$ cat entry-v4.txt   # compact mmCIF, C-alpha atoms
# COMPACT_ATOMS: atom_id res chain seq x y z
CA ARG A 73 75.94 170.44 83.97
CA ASN A 74 73.32 171.90 86.31
CA THR A 75 70.62 170.03 84.38
CA GLU A 76 72.52 166.75 84.79
CA LEU A 77 72.89 167.28 88.54
CA PHE A 78 69.20 168.13 88.80
CA LEU A 79 68.23 164.94 86.96
CA LYS A 80 70.44 162.79 89.17
CA LYS A 81 69.02 164.41 92.26
CA MET A 82 65.45 163.78 91.10
CA ALA A 83 66.22 160.18 90.15
CA LYS A 84 68.03 159.31 93.37
CA LYS A 85 66.23 157.15 95.99
CA GLN A 86 67.12 157.06 99.63
CA TRP A 87 66.21 153.63 100.90
CA GLY A 88 65.54 153.05 104.57
CA LYS A 89 64.41 149.91 106.27
CA SER A 90 62.66 147.15 104.40
CA PRO A 91 59.23 148.02 102.96
CA PRO A 92 56.24 147.37 105.23
CA LYS A 93 53.57 144.82 104.53
CA GLY A 94 51.31 145.92 101.69
CA TYR A 95 54.00 147.70 99.70
CA GLU A 96 54.08 144.79 97.26
CA TYR A 97 50.69 145.98 96.01
CA ILE A 98 52.17 149.15 94.50
CA GLU A 99 55.74 147.92 94.02
CA PRO A 100 55.39 146.82 90.36
CA ILE A 101 54.17 150.27 89.29
CA MET A 102 56.76 152.07 91.40
CA GLU A 103 59.58 149.97 89.98
CA THR A 104 58.33 150.51 86.43
CA LEU A 105 58.22 154.27 86.87
CA GLU A 106 61.67 154.26 88.46
CA ASN A 107 63.11 152.36 85.51
CA GLU A 108 61.31 154.69 83.14
CA LEU A 109 62.87 157.68 84.86
CA ARG A 110 66.36 156.18 84.58
CA ASP A 111 65.88 155.58 80.87
CA LYS A 112 64.69 159.12 80.28
CA VAL A 113 67.65 160.57 82.19
CA LYS A 114 70.06 158.60 80.03
CA GLU A 115 68.22 159.42 76.82
CA SER A 116 69.87 161.70 74.30
CA ASN A 117 68.69 165.32 74.14
CA ALA A 118 69.38 165.70 70.45
CA GLY A 119 66.68 167.71 68.69
CA LYS A 120 65.09 168.90 71.93
CA ARG A 121 65.03 172.25 73.63
CA ASN A 122 66.97 172.59 76.86
CA THR A 123 63.84 172.81 79.00
CA GLU A 124 62.05 170.09 77.04
CA SER A 125 64.70 167.54 77.99
CA ILE A 126 63.55 167.57 81.62
CA TRP A 127 59.83 167.22 80.87
CA PRO A 128 59.84 163.46 81.65
CA VAL A 129 61.39 164.12 85.06
CA HIS A 130 58.55 166.41 86.16
CA GLN A 131 55.91 164.26 84.50
CA ILE A 132 57.05 160.95 85.98
CA ASN A 133 57.44 162.61 89.36
CA TRP A 134 53.83 163.82 89.13
CA GLN A 135 52.51 160.43 87.98
CA ARG A 136 54.32 158.46 90.65
CA THR A 137 53.29 160.86 93.42
CA ARG A 138 49.68 160.94 92.20
CA TYR A 139 49.58 157.15 92.10
CA VAL A 140 50.55 156.77 95.77
CA TYR A 141 48.37 159.71 96.83
CA ASP A 142 45.24 158.29 95.15
CA MET A 143 45.92 154.78 96.37
CA PHE A 144 45.90 156.04 99.95
CA TYR A 145 43.44 158.95 100.02
CA THR A 146 41.06 158.19 97.16
CA TYR A 147 40.83 154.39 97.02
CA GLY A 148 42.25 153.28 100.38
CA LYS A 149 44.26 150.46 98.80
CA ILE A 150 47.40 151.00 100.86
CA SER A 151 47.96 151.50 104.58
CA ARG A 152 49.33 154.51 106.43
CA GLU A 153 52.59 152.61 106.99
CA VAL A 154 53.10 152.15 103.24
CA TYR A 155 52.21 155.78 102.56
CA ASP A 156 54.60 157.07 105.22
CA TYR A 157 57.31 154.72 103.95
CA CYS A 158 57.03 156.29 100.49
CA LEU A 159 57.26 159.78 101.98
CA ARG A 160 60.27 159.00 104.21
CA ASN A 161 62.21 157.40 101.39
CA LYS A 162 61.31 160.19 98.95
CA LEU A 163 59.63 157.83 96.54
CA VAL A 164 57.02 160.56 96.13
CA ASP A 165 57.09 164.36 96.22
CA ALA A 166 55.95 165.37 99.70
CA ASN A 167 55.82 169.08 98.82
CA LEU A 168 53.56 168.41 95.85
CA ILE A 169 51.21 166.34 98.01
CA ALA A 170 51.08 169.16 100.56
CA LYS A 171 49.94 171.54 97.79
CA TRP A 172 47.28 169.08 96.54
CA LYS A 173 45.63 169.24 99.96
CA LYS A 174 45.04 172.99 99.57
CA PRO A 175 42.03 174.42 97.67
CA GLY A 176 42.86 175.46 94.12
CA TYR A 177 45.93 173.22 93.86
CA GLU A 178 44.25 169.79 93.64
CA ARG A 179 45.67 169.15 90.14
CA LEU A 180 48.98 170.98 90.37
CA CYS A 181 51.57 169.49 88.02
CA SER A 182 54.68 170.65 89.89
CA THR A 183 55.68 173.05 92.61
CA TYR A 184 58.01 174.65 90.08
CA VAL A 185 55.16 176.31 88.16
CA ILE A 186 53.81 178.23 91.17
CA ASN A 187 57.14 179.75 92.23
CA PRO A 188 57.23 183.39 91.03
CA LEU A 189 61.03 183.35 91.09
CA ASN A 190 61.02 180.96 88.14
CA TYR A 191 59.11 183.32 85.82
CA LYS A 192 59.41 186.84 84.58
CA PHE A 193 57.48 189.65 86.19
CA GLY A 194 56.90 187.57 89.33
CA THR A 195 54.02 185.57 87.85
CA THR A 196 53.21 181.86 87.60
CA SER A 197 53.15 179.49 84.66
CA ILE A 198 50.63 179.65 81.83
CA CYS A 199 49.43 176.17 82.85
CA ARG A 200 47.93 177.69 86.00
CA VAL A 201 45.64 179.94 83.97
CA PRO A 202 42.19 178.34 83.45
CA LEU A 203 41.37 177.47 79.86
CA TYR A 204 38.29 179.70 79.79
CA ASP A 205 40.48 182.71 80.71
CA ARG A 206 42.96 182.18 77.87
CA ASP A 207 42.78 183.73 74.44
CA GLU A 208 42.91 181.71 71.23
CA ARG A 209 46.72 181.84 71.03
CA GLN A 210 47.10 180.50 74.57
CA ILE A 211 44.64 177.59 74.42
CA SER A 212 47.29 175.06 73.36
CA ALA A 213 50.16 176.65 75.31
CA ARG A 214 52.35 174.46 77.56
CA ASP A 215 54.58 175.24 80.45
CA PRO A 216 58.12 175.32 78.99
CA THR A 217 59.64 173.47 81.99
CA THR A 218 57.10 170.75 82.77
CA GLY A 219 55.18 170.42 79.52
CA CYS A 220 51.87 170.83 81.39
CA MET A 221 48.89 171.89 79.24
CA GLY A 222 46.70 173.10 82.11
CA CYS A 223 46.48 172.09 85.77
CA ALA A 224 44.08 174.73 87.09
CA SER A 225 41.35 173.45 89.40
CA GLY A 226 37.65 173.69 88.67
CA LYS A 227 35.24 172.45 86.03
CA GLY A 228 36.52 173.22 82.56
CA ALA A 229 39.60 174.97 83.96
CA GLY A 230 42.14 172.37 82.86
CA VAL A 231 42.60 169.33 80.66
CA SER A 232 41.97 165.75 81.80
CA ASN A 233 45.44 164.58 80.78
CA LEU A 234 47.87 167.22 82.03
CA PHE A 235 50.71 166.32 79.70
CA GLY A 236 48.83 164.78 76.77
CA ASN A 237 50.82 161.53 76.98
CA LYS A 238 51.06 158.34 79.04
CA TYR A 239 52.59 160.21 81.99
CA GLY A 240 49.40 162.21 82.39
CA GLN A 241 47.28 159.12 83.04
CA ASN A 242 45.88 158.42 86.48
CA LEU A 243 47.47 155.02 87.13
CA ALA A 244 45.57 154.42 90.37
CA ALA A 245 42.20 154.79 88.63
CA VAL A 246 43.37 152.56 85.78
CA GLN A 247 44.57 149.83 88.15
CA VAL A 248 41.44 149.91 90.31
CA ALA A 249 39.19 149.77 87.24
CA ARG A 250 41.18 146.84 85.86
CA GLU A 251 40.90 144.96 89.14
CA LYS A 252 37.18 145.61 89.24
CA ARG A 253 36.76 144.20 85.73
CA GLN A 254 38.81 141.17 86.66
CA GLN A 255 36.72 140.58 89.77
CA GLU A 256 33.51 140.88 87.77
CA ALA A 257 34.85 138.48 85.14
CA ALA A 258 35.88 136.02 87.87
CA ALA A 259 32.45 136.32 89.48
CA ARG A 260 30.78 135.63 86.12
CA ARG A 261 32.99 132.61 85.53
CA GLU A 262 32.25 131.31 89.03
CA GLN A 263 28.54 131.86 88.48
CA GLN A 264 28.67 130.03 85.15
CA GLU A 265 30.59 127.16 86.71
CA GLN A 266 28.07 126.98 89.56
CA LEU A 267 25.23 127.02 87.06
CA GLY A 268 26.94 124.28 85.05
CA LYS A 269 27.34 122.16 88.18
CA GLU A 270 23.68 122.66 89.09
CA GLN A 271 22.61 121.68 85.58
CA SER A 272 24.84 118.61 85.73
CA HIS A 273 23.31 117.61 89.08
CA THR A 274 19.81 118.18 87.67
CA ILE A 275 20.54 116.07 84.59
CA ALA A 276 22.05 113.33 86.73
CA ALA A 277 19.02 113.36 89.04
CA GLN A 278 16.67 113.17 86.07
CA ALA A 279 18.65 110.27 84.64
CA VAL A 280 18.42 108.43 87.97
CA GLU A 281 14.67 109.06 88.11
CA ILE A 282 14.20 107.82 84.53
CA LYS A 283 16.27 104.73 85.26
CA SER A 284 14.36 103.96 88.45
CA GLY A 285 11.05 104.46 86.61
CA THR A 286 12.18 102.10 83.86
CA ASP A 287 13.16 99.52 86.46
CA ARG A 288 9.76 99.81 88.13
CA ILE A 289 8.00 99.37 84.78
CA GLY A 290 10.15 96.32 84.03
CA GLU A 291 9.34 94.82 87.42
CA GLY A 292 5.61 95.40 86.80
CA GLU A 293 5.76 93.72 83.41
CA SER A 294 7.60 90.74 84.86
CA GLU A 295 4.98 90.43 87.59
CA THR A 296 2.20 90.59 84.96
CA GLU A 297 3.91 87.93 82.89
CA ASP A 298 4.27 85.75 85.98
CA GLU A 299 0.58 86.16 86.79
CA ALA A 300 -0.39 85.38 83.19
CA SER A 301 1.76 82.28 83.19
CA ASP A 302 0.17 81.24 86.48
CA ASP A 303 -3.30 81.71 84.95
CA ASP A 304 -2.32 79.64 81.93
CA ASP A 305 -1.10 76.90 84.20
CA ASP A 306 -4.37 76.99 86.14
CA GLU A 307 -6.41 76.80 82.94
CA GLU A 308 -4.40 73.84 81.73
CA GLU A 309 -4.91 72.12 85.06
CA ASP A 310 -8.73 72.68 84.81
CA TYR A 311 -8.88 70.60 81.65
CA GLY A 312 -7.36 67.69 83.49
CA PRO A 313 -5.18 65.04 81.97
CA SER A 314 -5.60 64.18 78.30
CA PRO A 315 -7.81 61.06 77.68
CA SER A 316 -6.30 57.80 76.57
CA ALA A 317 -6.36 57.02 72.87
CA GLY A 318 -8.52 53.87 73.41
CA ILE A 319 -11.56 55.89 74.59
CA TRP A 320 -12.12 57.32 71.09
CA ALA A 321 -11.48 54.05 69.28
CA GLY A 322 -15.21 53.53 68.33
CA SER A 323 -15.94 57.05 67.34
CA SER A 324 -16.17 56.27 63.60
CA LYS A 325 -18.70 53.47 64.25
CA LEU A 326 -20.89 55.76 66.34
CA ALA A 327 -20.81 58.38 63.60
CA ALA A 328 -21.98 55.84 61.00
CA GLU A 329 -24.86 54.73 63.22
CA SER A 330 -25.91 58.31 63.78
CA GLU A 331 -26.04 58.98 60.03
CA GLU A 332 -28.10 55.79 59.47
CA LEU A 333 -30.59 56.84 62.13
CA ALA A 334 -30.83 60.27 60.54
CA TYR A 335 -31.54 58.94 57.08
CA SER A 336 -34.06 56.37 58.41
CA GLY A 337 -35.88 59.15 60.20
CA VAL A 338 -36.20 61.06 56.96
CA ASP A 339 -37.65 58.04 55.16
CA ASN A 340 -40.17 57.45 57.95
CA TYR A 341 -41.15 61.15 57.71
CA LYS A 342 -41.74 60.75 53.97
CA ASP A 343 -43.87 57.54 54.47
CA ASP A 344 -45.97 59.28 57.13
CA ALA A 345 -46.55 62.20 54.83
CA GLU A 346 -47.69 59.97 51.96
CA SER A 347 -50.07 57.97 54.17
CA GLY A 348 -51.53 61.22 55.47
CA ASP A 349 -52.25 62.38 51.94
CA ARG A 350 -54.03 59.17 51.05
CA THR A 351 -56.23 59.38 54.16
CA ASN A 352 -57.26 62.94 53.25
CA LYS A 353 -58.17 61.97 49.74
CA ARG A 354 -60.40 59.09 51.02
CA ALA A 355 -62.14 61.45 53.37
CA LYS A 356 -62.99 63.82 50.58
CA LEU A 357 -64.35 60.98 48.37
CA ALA A 358 -66.54 59.73 51.17

$ encode --input "entry-v4.txt" --output "structure tokens"
Amino acid sequence: RNTELFLKKMAKKQWGKSPPKGYEYIEPIMETLENELRDKVKESNAGKRNTESIWPVHQINWQRTRYVYDMFYTYGKISREVYDYCLRNKLVDANLIAKWKKPGYERLCSTYVINPLNYKFGTTSICRVPLYDRDERQISARDPTTGCMGCASGKGAGVSNLFGNKYGQNLAAVQVAREKRQQEAAARREQQEQLGKEQSHTIAAQAVEIKSGTDRIGEGESETEDEASDDDDDEEEDYGPSPSAGIWAGSSKLAAESEELAYSGVDNYKDDAESGDRTNKRAKLA
């Protein structure tokens, strides 16, 4: 019965005024963890040890508190108003945050494990002992109440995931890394789109230049053709009008007379040659 009352007390939220501006940034995670806590409280304890049944309560309390703490102090993603709102309404463990601000308690899993009244011989939990100070049998030891595997501060003193499950993850770091990847992907897409637009503009400009060059070439050819046609017209005009058909009517008669004169000239040449030969022979005889 005491365990049930403790679980209800841990799961209870005391709501005040409406959340301030900026709370919507962490609200999805906070609501998810709250629902997770309710489910774990209602879950059956069959097959579990008495202390093991309340492990999720301590672990979810740590994860939720660490999420808000890192979002404000480590990454600066939420305002002071949102942080104070979470503290006033007990959405996070204020006592655990107060311990995180002290040296040596930066990774404390729960205030329960540092209370000497909760352990025999007035000591603290095994999870507060650094790993390098444990013997072989204690390396894998967990705190029986919280399930913590090692929350001591210092290099190599504890494990990265306190509980070895999803509740030991640093949700703030995961969310910030995811947002960074999304921003980089969006920037790459925007850059590719800008590059595509520039290439489209370049191609369009080149097409316009090619078209204008083709038009100029076509205009030059048309001007050349016009000049050539003008030259042809000038040459035709130089010849003048074609003569009338009657001018060449006696051309065949003139050709016949020319041939007759040619042949008569040849005969005269032959007669002159023969007379020349006879004169030479007479001269020799004389």

$ closest_atom_pairs --input "entry-v4.txt" --of "stretch 218-240 of chain A" --to "stretch 120-133 of chain A" --cutoff "7 Å" --atoms "all atoms listed in the file" --output "JSON lines"
{"residue": "A:Thr218", "atom": "CA", "partner": "A:Trp127", "partner_atom": "CA", "distance": 4.9}
{"residue": "A:Gly219", "atom": "CA", "partner": "A:Trp127", "partner_atom": "CA", "distance": 5.8}
{"residue": "A:Tyr239", "atom": "CA", "partner": "A:Gln131", "partner_atom": "CA", "distance": 5.8}

$ closest_residue --input "entry-v4.txt" --among "A:Asn107, A:Gln247, A:Ser212, A:Thr196" --to "A:Met143" --atoms "all atoms listed in the file"
A:Gln247

$ residues_around --input "entry-v4.txt" --residues "A:Arg209" --least-positions-apart "5" --cutoff "12 Å" --atoms "only C-alpha atoms" --output "VMD selection string"
chain A and resid 198 203 214

$ closest_residue --input "entry-v4.txt" --among "A:Lys114, A:Glu153, A:Leu163, A:Ser272" --to "A:Ile101" --atoms "all atoms listed in the file"
A:Leu163

$ atom_distance --input "entry-v4.txt" --atom1 "atom CA of A:Ala244" --atom2 "atom CA of A:Gly226"
20.9 Å

$ atom_distance --input "entry-v4.txt" --atom1 "atom CA of A:Glu270" --atom2 "atom CA of A:Ile282"
18.2 Å
